[in-house]
Amino acid sequence: MFDEFGGPDVMHVVEEPVVQPAAGEVRIRIEAFAVNPLDQMMRSGAFPAIVPLPHARIGVEGTGVVDALGPETTGLEIGDPVILTAVPDASVRGSYAEYTTVPASRVIARPAGLAIAEAAAIWVAYSTAYGALVEKARMRPGDHVLITAASGGVGRAAMQIANQIGAVPIAITRQAAKQDDLLAAGATAVIATDHEDVADAVRHHTGGIGADVVLDLVMGPGQQDLVKAARPGGTLVAAGFLDPQPTPFPGNTPLTIFSYRSFEHTLDTIVVKRMAAFLNAGVRLGALRPAIDRTFALDDVVEAHRHLEKGLHAGKKIVVTGSRR
């Protein structure tokens, strides 16, 4: 819980009675949850939606087993391993806990072959990348896909998803020192903005044509360079907000531009089924696998957030187990 906005120290562990699930709900015994930048925004007061204080919960991602079923809940059994797919009311049902209760439609079966830490860290990044690239941009085999913030969690997921479909991921990073890591993570080519012009480099890697799809996870003034790097008739999906500076309006551009927020798909049960099927196939084939940085105990959640704020995770996911030390 946290009772005021601020740094990691505002979070504290409290003991509360376990909630009984209502009709159509399930109670999940959380085995692990991942730490996301969205959590940091909620805790610090930077989240764009209202977070009611005091006594706010936190956390939008996690995995565990079904612990109890509410009346009229079907399709699940006690003991089923699951992944949370959406916690839109994280201040009430957040995953930073030993237990949380959610509608049964907000969980999917945990893919076989994933370790618990990996299962805790896969959904937010991969559903965001899949939703933006596949559902929104209609990415196809052979497409050249330009991915900003490629060393982050969503960027890494986007490269793996592009490869699974047969597209060609081109990673953008600010630092040339990250090139080898990004190539190992699945990039076909890496463009470092600290010493390359984005549009020129993209034309070089695409035979002078430009990118078919651009995934902009940064926004801000740099989006103008991405517009120039895309081919006429291409698609740009704005799915992030890492740059706090205003994003200039693209104006008359020969691109289709979408603004993407993951809840538009993770609250749609039909799309979630497609996401789950894609995720299961990718895990089974070994194409989709989140990178884990460090694992903390629930009592050390403050230290986990400090680790996130220091940026030491290098785009890999920070995971917290759902049990006390």
# chains A, B, ... in the order shown; residues from 1 in each chain; ligands from 1
call {"tool": "residues_around", "arguments": {"residues": "A:Ala49", "least_positions_apart": "2", "cutoff": "12 Å", "atoms": "only C-alpha atoms", "output": "JSON list (two decimals) with N, CA and C atoms, in the first residue's frame"}}
result
[["chain", "number", "residue", "atom", "x", "y", "z"],
["A", 38, "LEU", "N", 4.82, 1.98, -15.09],
["A", 38, "LEU", "CA", 3.47, 2.45, -14.73],
["A", 38, "LEU", "C", 3.28, 2.46, -13.22],
["A", 41, "MET", "N", 4.92, 5.49, -11.81],
["A", 41, "MET", "CA", 4.11, 6.69, -12.05],
["A", 41, "MET", "C", 2.96, 6.79, -11.05],
["A", 42, "MET", "N", 2.31, 5.66, -10.76],
["A", 42, "MET", "CA", 1.22, 5.67, -9.78],
["A", 42, "MET", "C", 1.72, 6.08, -8.42],
["A", 45, "GLY", "N", 2.80, 9.87, -8.15],
["A", 45, "GLY", "CA", 1.81, 10.90, -8.43],
["A", 45, "GLY", "C", 1.84, 11.41, -9.86],
["A", 46, "ALA", "N", 2.60, 10.75, -10.73],
["A", 46, "ALA", "CA", 2.71, 11.17, -12.13],
["A", 46, "ALA", "C", 1.71, 10.47, -13.04],
["A", 47, "PHE", "N", 0.92, 9.57, -12.48],
["A", 47, "PHE", "CA", -0.05, 8.82, -13.28],
["A", 47, "PHE", "C", -1.15, 9.75, -13.77],
["A", 51, "VAL", "N", -5.60, 8.54, -8.69],
["A", 51, "VAL", "CA", -5.29, 7.44, -7.76],
["A", 51, "VAL", "C", -5.78, 7.86, -6.38],
["A", 52, "PRO", "N", -6.88, 7.27, -5.90],
["A", 52, "PRO", "CA", -7.43, 7.70, -4.61],
["A", 52, "PRO", "C", -6.53, 7.30, -3.44],
["A", 88, "PRO", "N", -7.14, -2.82, -14.39],
["A", 88, "PRO", "CA", -7.36, -1.39, -14.62],
["A", 88, "PRO", "C", -7.59, -0.60, -13.35],
["A", 89, "ASP", "N", -8.02, -1.29, -12.27],
["A", 89, "ASP", "CA", -8.21, -0.62, -10.98],
["A", 89, "ASP", "C", -7.15, -1.08, -10.00],
["A", 90, "ALA", "N", -5.88, -0.84, -10.38],
["A", 90, "ALA", "CA", -4.75, -1.33, -9.58],
["A", 90, "ALA", "C", -4.72, -0.74, -8.18],
["A", 91, "SER", "N", -5.30, 0.45, -7.99],
["A", 91, "SER", "CA", -5.30, 1.05, -6.66],
["A", 91, "SER", "C", -6.20, 0.28, -5.70]]
call {"tool": "closest_atom_pairs", "arguments": {"of": "stretch 19-46 of chain A", "to": "stretch 122-128 of chain A", "cutoff": "12 Å", "atoms": "only C-alpha atoms", "output": "CSV"}}
result
residue,atom,partner,partner_atom,distance
A:Ala32,CA,A:Ile122,CA,11.6
A:Phe33,CA,A:Ile122,CA,10.0
A:Ala34,CA,A:Ile122,CA,8.6
A:Val35,CA,A:Val124,CA,10.3
A:Asn36,CA,A:Val124,CA,8.5
A:Pro37,CA,A:Val124,CA,10.8
A:Leu38,CA,A:Val124,CA,10.2
A:Asp39,CA,A:Val124,CA,11.9
call {"tool": "select_by_dssp", "arguments": {"residues": "stretch 95-184 of chain A", "states": "helix (DSSP H, G or I)", "output": "PyMOL selection string"}}
result
chain A and resi 104-106+116-136+153-165+176-184
call {"tool": "write_last_selection", "arguments": {"atoms": "N, CA and C atoms", "output": "tab-separated table (two decimals), in the first residue's frame"}}
result
chain	number	residue	atom	x	y	z
A	104	ALA	N	-13.02	-13.16	-13.59
A	104	ALA	CA	-12.43	-14.33	-14.22
A	104	ALA	C	-11.96	-14.04	-15.64
A	105	SER	N	-12.57	-13.06	-16.30
A	105	SER	CA	-12.18	-12.71	-17.66
A	105	SER	C	-10.84	-11.99	-17.72
A	106	ARG	N	-10.27	-11.66	-16.56
A	106	ARG	CA	-9.00	-10.92	-16.51
A	106	ARG	C	-7.80	-11.82	-16.28
A	116	ILE	N	8.22	-19.18	-13.16
A	116	ILE	CA	7.29	-18.26	-12.50
A	116	ILE	C	7.72	-16.81	-12.69
A	117	ALA	N	9.00	-16.52	-12.56
A	117	ALA	CA	9.48	-15.14	-12.74
A	117	ALA	C	9.22	-14.66	-14.16
A	118	GLU	N	9.41	-15.54	-15.14
A	118	GLU	CA	9.15	-15.16	-16.54
A	118	GLU	C	7.66	-14.92	-16.77
A	119	ALA	N	6.83	-15.79	-16.19
A	119	ALA	CA	5.39	-15.62	-16.34
A	119	ALA	C	4.90	-14.32	-15.72
A	120	ALA	N	5.54	-13.92	-14.62
A	120	ALA	CA	5.16	-12.66	-13.96
A	120	ALA	C	5.51	-11.45	-14.82
A	121	ALA	N	6.48	-11.60	-15.70
A	121	ALA	CA	7.05	-10.46	-16.41
A	121	ALA	C	6.71	-10.41	-17.89
A	122	ILE	N	5.85	-11.31	-18.37
A	122	ILE	CA	5.68	-11.40	-19.82
A	122	ILE	C	4.50	-10.61	-20.37
A	123	TRP	N	3.41	-10.47	-19.60
A	123	TRP	CA	2.17	-10.03	-20.23
A	123	TRP	C	2.17	-8.55	-20.63
A	124	VAL	N	2.55	-7.65	-19.75
A	124	VAL	CA	2.43	-6.22	-20.05
A	124	VAL	C	3.25	-5.86	-21.28
A	125	ALA	N	4.50	-6.25	-21.32
A	125	ALA	CA	5.36	-5.89	-22.44
A	125	ALA	C	4.91	-6.56	-23.74
A	126	TYR	N	4.62	-7.85	-23.67
A	126	TYR	CA	4.31	-8.58	-24.90
A	126	TYR	C	2.92	-8.28	-25.42
A	127	SER	N	1.95	-8.08	-24.54
A	127	SER	CA	0.61	-7.71	-25.01
A	127	SER	C	0.61	-6.31	-25.60
A	128	THR	N	1.42	-5.40	-25.04
A	128	THR	CA	1.52	-4.06	-25.59
A	128	THR	C	2.16	-4.09	-26.98
A	129	ALA	N	3.27	-4.81	-27.10
A	129	ALA	CA	3.95	-4.89	-28.39
A	129	ALA	C	3.08	-5.60	-29.43
A	130	TYR	N	2.43	-6.68	-29.03
A	130	TYR	CA	1.56	-7.42	-29.95
A	130	TYR	C	0.38	-6.54	-30.37
A	131	GLY	N	-0.26	-5.89	-29.41
A	131	GLY	CA	-1.41	-5.06	-29.73
A	131	GLY	C	-1.06	-3.94	-30.69
A	132	ALA	N	0.09	-3.29	-30.45
A	132	ALA	CA	0.49	-2.17	-31.30
A	132	ALA	C	0.90	-2.62	-32.70
A	133	LEU	N	1.68	-3.70	-32.76
A	133	LEU	CA	2.23	-4.12	-34.05
A	133	LEU	C	1.27	-4.98	-34.87
A	134	VAL	N	0.61	-5.93	-34.21
A	134	VAL	CA	-0.22	-6.89	-34.95
A	134	VAL	C	-1.66	-6.40	-35.09
A	135	GLU	N	-2.28	-6.04	-33.96
A	135	GLU	CA	-3.68	-5.63	-34.01
A	135	GLU	C	-3.84	-4.24	-34.64
A	136	LYS	N	-2.95	-3.32	-34.31
A	136	LYS	CA	-3.11	-1.94	-34.77
A	136	LYS	C	-2.43	-1.71	-36.12
A	153	GLY	N	11.66	-3.01	-22.00
A	153	GLY	CA	10.89	-4.24	-21.97
A	153	GLY	C	9.97	-4.40	-23.17
A	154	VAL	N	9.23	-3.35	-23.53
A	154	VAL	CA	8.33	-3.42	-24.68
A	154	VAL	C	9.13	-3.51	-25.97
A	155	GLY	N	10.23	-2.76	-26.05
A	155	GLY	CA	11.07	-2.82	-27.24
A	155	GLY	C	11.63	-4.20	-27.50
A	156	ARG	N	12.10	-4.86	-26.45
A	156	ARG	CA	12.63	-6.22	-26.59
A	156	ARG	C	11.52	-7.18	-27.02
A	157	ALA	N	10.34	-7.02	-26.43
A	157	ALA	CA	9.21	-7.87	-26.81
A	157	ALA	C	8.85	-7.65	-28.28
A	158	ALA	N	8.87	-6.38	-28.71
A	158	ALA	CA	8.52	-6.06	-30.09
A	158	ALA	C	9.47	-6.72	-31.08
A	159	MET	N	10.76	-6.74	-30.76
A	159	MET	CA	11.72	-7.39	-31.66
A	159	MET	C	11.45	-8.88	-31.77
A	160	GLN	N	11.15	-9.53	-30.65
A	160	GLN	CA	10.87	-10.96	-30.67
A	160	GLN	C	9.59	-11.26	-31.45
A	161	ILE	N	8.56	-10.43	-31.26
A	161	ILE	CA	7.29	-10.64	-31.96
A	161	ILE	C	7.46	-10.42	-33.46
A	162	ALA	N	8.22	-9.39	-33.84
A	162	ALA	CA	8.48	-9.17	-35.26
A	162	ALA	C	9.19	-10.38	-35.87
A	163	ASN	N	10.18	-10.90	-35.17
A	163	ASN	CA	10.89	-12.07	-35.68
A	163	ASN	C	9.97	-13.29	-35.78
A	164	GLN	N	9.08	-13.46	-34.80
A	164	GLN	CA	8.18	-14.61	-34.84
A	164	GLN	C	7.28	-14.55	-36.07
A	165	ILE	N	6.87	-13.35	-36.46
A	165	ILE	CA	5.97	-13.20	-37.61
A	165	ILE	C	6.73	-13.23	-38.94
A	176	ALA	N	25.47	3.77	-28.86
A	176	ALA	CA	26.08	2.74	-29.71
A	176	ALA	C	26.58	1.56	-28.88
A	177	ALA	N	26.87	1.79	-27.59
A	177	ALA	CA	27.38	0.71	-26.73
A	177	ALA	C	26.37	-0.42	-26.56
A	178	LYS	N	25.09	-0.14	-26.84
A	178	LYS	CA	24.06	-1.17	-26.68
A	178	LYS	C	23.86	-2.03	-27.93
A	179	GLN	N	24.64	-1.79	-28.96
A	179	GLN	CA	24.42	-2.46	-30.24
A	179	GLN	C	24.50	-3.98	-30.12
A	180	ASP	N	25.55	-4.49	-29.52
A	180	ASP	CA	25.73	-5.94	-29.44
A	180	ASP	C	24.61	-6.60	-28.64
A	181	ASP	N	24.19	-5.95	-27.56
A	181	ASP	CA	23.11	-6.49	-26.73
A	181	ASP	C	21.80	-6.55	-27.53
A	182	LEU	N	21.52	-5.52	-28.33
A	182	LEU	CA	20.28	-5.48	-29.10
A	182	LEU	C	20.31	-6.48	-30.24
A	183	LEU	N	21.45	-6.67	-30.86
A	183	LEU	CA	21.55	-7.70	-31.90
A	183	LEU	C	21.32	-9.08	-31.30
A	184	ALA	N	21.86	-9.30	-30.11
A	184	ALA	CA	21.64	-10.58	-29.44
A	184	ALA	C	20.19	-10.75	-29.02
call {"tool": "closest_atom_pairs", "arguments": {"of": "stretch 54-150 of chain A", "to": "stretch 200-222 of chain A", "cutoff": "10 Å", "atoms": "only C-alpha atoms", "output": "Markdown table"}}
result
| residue | atom | partner | partner_atom | distance |
| --- | --- | --- | --- | --- |
| A:Ala129 | CA | A:Leu215 | CA | 8.6 |
| A:Ala132 | CA | A:Leu215 | CA | 7.5 |
| A:Leu133 | CA | A:Leu215 | CA | 7.4 |
| A:Ala137 | CA | A:Val213 | CA | 6.9 |
| A:Arg138 | CA | A:Val213 | CA | 8.9 |
| A:Met139 | CA | A:Val213 | CA | 7.1 |
| A:Arg140 | CA | A:Asp212 | CA | 9.4 |
| A:Gly142 | CA | A:Asp212 | CA | 9.3 |
| A:Asp143 | CA | A:Asp212 | CA | 5.7 |
| A:His144 | CA | A:Ala211 | CA | 5.1 |
| A:Val145 | CA | A:Val213 | CA | 4.8 |
| A:Leu146 | CA | A:Val214 | CA | 4.7 |
| A:Ile147 | CA | A:Leu215 | CA | 5.0 |
| A:Thr148 | CA | A:Asp216 | CA | 5.5 |
| A:Ala149 | CA | A:Leu217 | CA | 6.1 |
| A:Ala150 | CA | A:Leu217 | CA | 8.5 |
call {"tool": "residues_around", "arguments": {"residues": "A:Leu84", "least_positions_apart": "6", "cutoff": "9 Å", "atoms": "only C-alpha atoms", "output": "ChimeraX atom specification"}}
result
/A:28,60-64,95,102,106-108,120,123
call {"tool": "write_last_selection", "arguments": {"atoms": "N, CA and C atoms", "output": "JSON list (two decimals), in the first residue's frame"}}
result
[["chain", "number", "residue", "atom", "x", "y", "z"],
["A", 28, "ILE", "N", -6.73, -14.92, -6.74],
["A", 28, "ILE", "CA", -5.45, -15.45, -7.18],
["A", 28, "ILE", "C", -4.43, -15.35, -6.05],
["A", 60, "VAL", "N", 0.18, -3.92, -11.78],
["A", 60, "VAL", "CA", -0.68, -4.26, -12.92],
["A", 60, "VAL", "C", -0.29, -5.58, -13.58],
["A", 61, "GLU", "N", 0.66, -6.30, -13.02],
["A", 61, "GLU", "CA", 1.15, -7.50, -13.70],
["A", 61, "GLU", "C", 1.51, -8.56, -12.67],
["A", 62, "GLY", "N", 1.20, -9.82, -12.97],
["A", 62, "GLY", "CA", 1.56, -10.88, -12.05],
["A", 62, "GLY", "C", 1.09, -12.24, -12.52],
["A", 63, "THR", "N", 1.52, -13.26, -11.80],
["A", 63, "THR", "CA", 1.12, -14.63, -12.06],
["A", 63, "THR", "C", 0.90, -15.35, -10.74],
["A", 64, "GLY", "N", 0.07, -16.37, -10.77],
["A", 64, "GLY", "CA", -0.20, -17.13, -9.56],
["A", 64, "GLY", "C", -1.13, -18.28, -9.87],
["A", 95, "SER", "N", -1.48, -5.97, -7.97],
["A", 95, "SER", "CA", -0.82, -7.29, -7.90],
["A", 95, "SER", "C", 0.32, -7.35, -6.89],
["A", 102, "VAL", "N", -9.97, -10.72, -8.94],
["A", 102, "VAL", "CA", -10.27, -10.05, -10.21],
["A", 102, "VAL", "C", -11.39, -10.79, -10.93],
["A", 106, "ARG", "N", -10.27, -11.66, -16.56],
["A", 106, "ARG", "CA", -9.00, -10.92, -16.51],
["A", 106, "ARG", "C", -7.80, -11.82, -16.28],
["A", 107, "VAL", "N", -7.96, -13.14, -16.47],
["A", 107, "VAL", "CA", -6.82, -14.04, -16.36],
["A", 107, "VAL", "C", -6.81, -14.98, -17.57],
["A", 108, "ILE", "N", -5.62, -15.47, -17.90],
["A", 108, "ILE", "CA", -5.46, -16.51, -18.91],
["A", 108, "ILE", "C", -4.61, -17.62, -18.32],
["A", 120, "ALA", "N", 5.54, -13.92, -14.62],
["A", 120, "ALA", "CA", 5.16, -12.66, -13.96],
["A", 120, "ALA", "C", 5.51, -11.45, -14.82],
["A", 123, "TRP", "N", 3.41, -10.47, -19.60],
["A", 123, "TRP", "CA", 2.17, -10.03, -20.23],
["A", 123, "TRP", "C", 2.17, -8.55, -20.63]]
call {"tool": "atom_distance", "arguments": {"atom1": "atom CA of A:Ile257", "atom2": "atom CA of A:Val227"}}
result
9.5 Å
call {"tool": "select_by_dssp", "arguments": {"residues": "stretch 170-231 of chain A", "states": "strand (DSSP E)", "output": "ChimeraX atom specification"}}
result
/A:170-173,189-192,211-216,230-231
call {"tool": "residues_around", "arguments": {"residues": "stretch 287-295 of chain A", "least_positions_apart": "3", "cutoff": "6 Å", "atoms": "only C-alpha atoms", "output": "VMD selection string"}}
result
chain A and resid 122 160 282 to 283 313 316 to 320
call {"tool": "residues_around", "arguments": {"residues": "A:Asp225", "least_positions_apart": "4", "cutoff": "9 Å", "atoms": "only C-alpha atoms", "output": "list of chain:residue names"}}
result
A:Asp197, A:Val198, A:Ala199, A:Pro221, A:Ala229, A:Ala230
call {"tool": "write_last_selection", "arguments": {"atoms": "N, CA, C and O atoms", "output": "mmCIF file, in the first residue's frame"}}
result
data_model
loop_
_atom_site.group_PDB
_atom_site.id
_atom_site.type_symbol
_atom_site.label_atom_id
_atom_site.label_comp_id
_atom_site.auth_asym_id
_atom_site.auth_seq_id
_atom_site.Cartn_x
_atom_site.Cartn_y
_atom_site.Cartn_z
ATOM 1 N N ASP A 197 22.182 9.550 -38.276
ATOM 2 C CA ASP A 197 20.914 10.168 -38.642
ATOM 3 C C ASP A 197 19.901 9.056 -38.867
ATOM 4 O O ASP A 197 20.137 8.138 -39.669
ATOM 5 N N VAL A 198 18.769 9.128 -38.164
ATOM 6 C CA VAL A 198 17.804 8.028 -38.195
ATOM 7 C C VAL A 198 17.276 7.772 -39.596
ATOM 8 O O VAL A 198 17.273 6.634 -40.088
ATOM 9 N N ALA A 199 16.815 8.815 -40.276
ATOM 10 C CA ALA A 199 16.216 8.632 -41.603
ATOM 11 C C ALA A 199 17.229 8.052 -42.595
ATOM 12 O O ALA A 199 16.912 7.128 -43.354
ATOM 13 N N PRO A 221 9.832 15.397 -29.494
ATOM 14 C CA PRO A 221 10.287 15.978 -30.761
ATOM 15 C C PRO A 221 10.942 14.965 -31.704
ATOM 16 O O PRO A 221 10.917 15.146 -32.921
ATOM 17 N N ALA A 229 11.680 8.688 -41.560
ATOM 18 C CA ALA A 229 12.287 7.377 -41.799
ATOM 19 C C ALA A 229 11.309 6.361 -42.357
ATOM 20 O O ALA A 229 11.714 5.306 -42.836
ATOM 21 N N ALA A 230 10.015 6.643 -42.281
ATOM 22 C CA ALA A 230 8.999 5.705 -42.751
ATOM 23 C C ALA A 230 8.751 5.878 -44.247
ATOM 24 O O ALA A 230 8.894 6.967 -44.798
#
call {"tool": "closest_residue", "arguments": {"among": "A:Glu15, A:Glu25, A:Glu31, A:Asp299", "to": "A:Leu69", "atoms": "only C-alpha atoms"}}
result
A:Glu25
call {"tool": "residues_around", "arguments": {"residues": "A:Asp67", "least_positions_apart": "3", "cutoff": "6 Å", "atoms": "only C-alpha atoms", "output": "number ranges by chain"}}
result
A: 27-29, 78
call {"tool": "write_last_selection", "arguments": {"atoms": "C-alpha atoms", "output": "compact mmCIF listing (two decimals), in the first residue's frame"}}
result
# COMPACT_ATOMS: atom_id res chain seq x y z
CA ARG A 27 -9.06 -14.99 -6.12
CA ILE A 28 -5.45 -15.45 -7.18
CA ARG A 29 -2.63 -16.41 -4.84
CA ILE A 78 -8.84 -24.08 -8.00
call {"tool": "atom_distance", "arguments": {"atom1": "atom CA of A:Pro54", "atom2": "atom CA of A:Val10"}}
result
11.0 Å
call {"tool": "residues_around", "arguments": {"residues": "A:Leu267", "least_positions_apart": "2", "cutoff": "10 Å", "atoms": "only C-alpha atoms", "output": "list in words"}}
result
Thr85, Ala86, Val87, Pro88, Ser105, Arg106, Ser262, Phe263, Glu264, His265, Thr269, Ile270, Val271 and Val272 of chain A
call {"tool": "decode", "arguments": {"residues": "stretch 142-152 of chain A", "atoms": "all heavy atoms", "output": "tab-separated table (two decimals), in the first residue's frame"}}
result
chain	number	residue	atom	x	y	z
A	142	GLY	N	8.02	-9.84	-43.69
A	142	GLY	CA	8.79	-9.03	-44.62
A	142	GLY	C	8.78	-7.55	-44.34
A	142	GLY	O	9.60	-6.80	-44.89
A	143	ASP	N	7.86	-7.07	-43.48
A	143	ASP	CA	7.83	-5.65	-43.14
A	143	ASP	C	9.09	-5.25	-42.39
A	143	ASP	O	9.56	-5.98	-41.49
A	143	ASP	CB	6.63	-5.33	-42.24
A	143	ASP	CG	5.33	-5.18	-43.02
A	143	ASP	OD1	5.38	-5.12	-44.26
A	143	ASP	OD2	4.27	-5.11	-42.37
A	144	HIS	N	9.64	-4.10	-42.74
A	144	HIS	CA	10.72	-3.50	-41.94
A	144	HIS	C	10.07	-2.70	-40.82
A	144	HIS	O	9.29	-1.78	-41.08
A	144	HIS	CB	11.60	-2.61	-42.81
A	144	HIS	CG	12.50	-3.37	-43.73
A	144	HIS	ND1	12.13	-3.73	-45.01
A	144	HIS	CD2	13.75	-3.86	-43.54
A	144	HIS	CE1	13.12	-4.41	-45.57
A	144	HIS	NE2	14.12	-4.50	-44.72
A	145	VAL	N	10.39	-3.06	-39.58
A	145	VAL	CA	9.74	-2.49	-38.41
A	145	VAL	C	10.77	-1.72	-37.59
A	145	VAL	O	11.74	-2.30	-37.08
A	145	VAL	CB	9.08	-3.58	-37.55
A	145	VAL	CG1	8.35	-2.96	-36.37
A	145	VAL	CG2	8.12	-4.41	-38.39
A	146	LEU	N	10.57	-0.42	-37.48
A	146	LEU	CA	11.48	0.45	-36.73
A	146	LEU	C	10.98	0.56	-35.30
A	146	LEU	O	9.82	0.95	-35.07
A	146	LEU	CB	11.53	1.82	-37.40
A	146	LEU	CG	12.58	2.82	-36.93
A	146	LEU	CD1	13.98	2.27	-37.14
A	146	LEU	CD2	12.41	4.14	-37.67
A	147	ILE	N	11.83	0.23	-34.32
A	147	ILE	CA	11.41	0.15	-32.92
A	147	ILE	C	12.27	1.08	-32.08
A	147	ILE	O	13.49	0.91	-31.97
A	147	ILE	CB	11.54	-1.30	-32.40
A	147	ILE	CG1	10.67	-2.23	-33.24
A	147	ILE	CG2	11.15	-1.38	-30.92
A	147	ILE	CD1	10.97	-3.71	-33.03
A	148	THR	N	11.64	2.09	-31.47
A	148	THR	CA	12.37	2.99	-30.58
A	148	THR	C	12.42	2.40	-29.17
A	148	THR	O	11.68	1.48	-28.84
A	148	THR	CB	11.72	4.38	-30.53
A	148	THR	OG1	10.44	4.27	-29.90
A	148	THR	CG2	11.55	4.95	-31.93
A	149	ALA	N	13.31	2.96	-28.32
A	149	ALA	CA	13.49	2.44	-26.95
A	149	ALA	C	13.61	0.93	-26.98
A	149	ALA	O	13.03	0.22	-26.16
A	149	ALA	CB	12.33	2.88	-26.06
A	150	ALA	N	14.39	0.44	-27.93
A	150	ALA	CA	14.43	-1.00	-28.19
A	150	ALA	C	15.03	-1.80	-27.04
A	150	ALA	O	14.78	-3.00	-26.92
A	150	ALA	CB	15.21	-1.27	-29.47
A	151	SER	N	15.82	-1.17	-26.19
A	151	SER	CA	16.43	-1.91	-25.09
A	151	SER	C	15.49	-2.04	-23.89
A	151	SER	O	15.81	-2.73	-22.92
A	151	SER	CB	17.73	-1.23	-24.65
A	151	SER	OG	17.48	0.11	-24.25
A	152	GLY	N	14.33	-1.38	-23.93
A	152	GLY	CA	13.35	-1.50	-22.85
A	152	GLY	C	12.53	-2.78	-22.98
A	152	GLY	O	12.65	-3.53	-23.95
